[in-house]
Amino acid sequence: MPDFCESDLGFDPKGEDGGIRALDAHQTGHFAGRPAVSCPDPCQFLRRMPRSRRSSARRHRAALAVQALHGGVRMIPAVELRDVSWGPPKGQDILSDLGFAVPQGQIMAICGANGAGKSSLLRLIYRHHAPRSGVVRVLGQDLWQSRATAVARNVAAVLQEQPTDFALTARQIVALGRLPHRRGWRAGLSLADDADAGIVGAAMERMHLTAMADRSFATLSGGERQRVMVARALAQEPQVIVLDEPTNHLDIRHQLELLALLRGLGLTVIATLHDLTLAAGFADRILVLAVGRILADGPPDQALTEATLARAFHVKARIDHSGHAPRFAFHL
Ligand SMILES: Nc1ncnc2c1ncn2[C@@H]1O[C@H](COP(=O)(O)OP(=O)(O)O)[C@@H](O)[C@H]1O
Ligand SMILES: [Mg+2]
């Protein structure tokens, strides 16, 4: 098990890049909690990073952000939605008037009641649904002007439903993440070749799956299967990872580990989360959806107010701000 600390989850507002977070938010007009930099080699983060190197990685990211700000460089958003609506064929709109941009490297949580449209919104971002109107861009490219495999090289999705009838081993499932990188005649060959095996192995190690690599996927527990699906997404080496309720099947230790791992990747992460305390500790920014529209969008303490939660979930909420991260109590 890797060591982790609360500040990995963003619970420590006085972290080393705290000043940069404020500067970034102020000067760019985004509430980019993280410096707007992308990781040129996400694979390097698949290797374990000892605690001592994490702070130098933070300093490095902060320095890059300062360079970007001082040089006036405008980074292309990792994900951008403009005037987007979506509904099923012949049905009414389920998502309406969605517009936001997610800077590269930002960690965004999407919260909202059941049926609010969270999964549908993620489906727009990983190019499963085409918008009825408006445009969805990833790294500046309209998703529907790009080929599906090209999108899959940039965007990986970890979905709620995990098929249990796969006659594949955990390793073979993770190796599926390499398919978008196969070209031409290699595309149809065996699932893992030598060049990909290292990436697949590193992704499995990162998710503590090495010991069960050759187990049948169907024999794994729900939590283990979830970790396999995250490892598959890591093996895809995307710039953006989209996850639909990724902590659902995990015990609290694995929930915290997964969120710390996602923060440490240096990638853009967009995840739906039901647990508001986890979301507030994990995300730079929270988008609250209600009935397919954006109700709030901002840093956790601004997006998750008692008034917003009352409108989004139809409950009375009390928020305790006395600790590192807000704590929530609800009643009807
Ligand atoms: N393909 C679809 N066809 C018809 N209705 C859909 C479809 N996908 C989602 N919905 C409906 O859209 C609403 C939002 O669904 P969803 O995005 O799954 O919400 P959430 O993830 O927030 O619980 C729900 O009422 C759901 O039944
Ligand atoms: Mg959902």
# chains A, B, ... in the order shown; residues from 1 in each chain; ligands from 1
>>> closest_atom_pairs(of="chain A", to="ligand 1", cutoff="12 Å", atoms="only C-alpha atoms and all ligand atoms", output="Markdown table")
| residue | atom | partner | partner_atom_place_in_ligand_line | distance |
| --- | --- | --- | --- | --- |
| A:Trp86 | CA | ligand 1 | 8 (N) | 9.5 |
| A:Gly87 | CA | ligand 1 | 3 (N) | 7.1 |
| A:Pro88 | CA | ligand 1 | 3 (N) | 4.7 |
| A:Pro89 | CA | ligand 1 | 3 (N) | 7.6 |
| A:Lys90 | CA | ligand 1 | 4 (C) | 9.4 |
| A:Gly91 | CA | ligand 1 | 4 (C) | 7.0 |
| A:Gln92 | CA | ligand 1 | 5 (N) | 8.8 |
| A:Asp93 | CA | ligand 1 | 12 (O) | 8.7 |
| A:Ile94 | CA | ligand 1 | 12 (O) | 5.4 |
| A:Leu95 | CA | ligand 1 | 14 (C) | 8.0 |
| A:Ser96 | CA | ligand 1 | 14 (C) | 11.6 |
| A:Ile110 | CA | ligand 1 | 22 (O) | 9.0 |
| A:Cys111 | CA | ligand 1 | 22 (O) | 7.9 |
| A:Gly112 | CA | ligand 1 | 22 (O) | 6.2 |
| A:Ala113 | CA | ligand 1 | 22 (O) | 6.0 |
| A:Asn114 | CA | ligand 1 | 23 (O) | 3.8 |
| A:Gly115 | CA | ligand 1 | 19 (O) | 3.5 |
| A:Ala116 | CA | ligand 1 | 22 (O) | 3.8 |
| A:Gly117 | CA | ligand 1 | 17 (O) | 3.3 |
| A:Lys118 | CA | ligand 1 | 22 (O) | 3.7 |
| A:Ser119 | CA | ligand 1 | 21 (O) | 3.7 |
| A:Ser120 | CA | ligand 1 | 17 (O) | 3.7 |
| A:Leu121 | CA | ligand 1 | 17 (O) | 6.4 |
| A:Leu122 | CA | ligand 1 | 17 (O) | 8.1 |
| A:Arg123 | CA | ligand 1 | 17 (O) | 8.3 |
| A:Leu124 | CA | ligand 1 | 17 (O) | 10.2 |
| A:His128 | CA | ligand 1 | 1 (N) | 10.4 |
| A:His129 | CA | ligand 1 | 1 (N) | 8.7 |
| A:Ala130 | CA | ligand 1 | 1 (N) | 11.5 |
| A:Leu159 | CA | ligand 1 | 21 (O) | 10.9 |
| A:Gln160 | CA | ligand 1 | 21 (O) | 9.8 |
| A:Glu161 | CA | ligand 1 | 18 (O) | 11.8 |
| A:Leu243 | CA | ligand 1 | 21 (O) | 11.4 |
| A:Asp244 | CA | ligand 1 | 21 (O) | 8.0 |
| A:Glu245 | CA | ligand 1 | 21 (O) | 8.9 |
| A:Ala271 | CA | ligand 1 | 21 (O) | 11.1 |
| A:Thr272 | CA | ligand 1 | 21 (O) | 8.1 |
| A:Leu273 | CA | ligand 1 | 21 (O) | 10.0 |
| A:His274 | CA | ligand 1 | 22 (O) | 9.8 |
| A:Leu287 | CA | ligand 1 | 22 (O) | 11.9 |
| A:Val288 | CA | ligand 1 | 22 (O) | 10.2 |
| A:Leu289 | CA | ligand 1 | 22 (O) | 7.7 |
| A:Ala290 | CA | ligand 1 | 22 (O) | 8.3 |
| A:Val291 | CA | ligand 1 | 14 (C) | 7.7 |
| A:Gly292 | CA | ligand 1 | 14 (C) | 7.2 |
| A:Arg293 | CA | ligand 1 | 22 (O) | 10.8 |
| A:Ile294 | CA | ligand 1 | 22 (O) | 11.9 |
| A:Ala312 | CA | ligand 1 | 22 (O) | 11.0 |
| A:Phe313 | CA | ligand 1 | 22 (O) | 11.4 |
>>> select_by_dssp(residues="stretch 84-236 of chain A", states="alpha helix (DSSP H)", output="PyMOL selection string")
chain A and resi 118-125+148-154+170-175+194-206+222-235
>>> closest_residue(among="A:Ala235, A:Leu168, A:Ala218, A:Ile173", to="A:Val200", atoms="only C-alpha atoms")
A:Ala235
>>> select_by_dssp(residues="stretch 146-303 of chain A", states="strand (DSSP E or B)", output="MDAnalysis selection string")
chainID A and resid 155:158 169 216 240:244 268:272 285:290 293:298
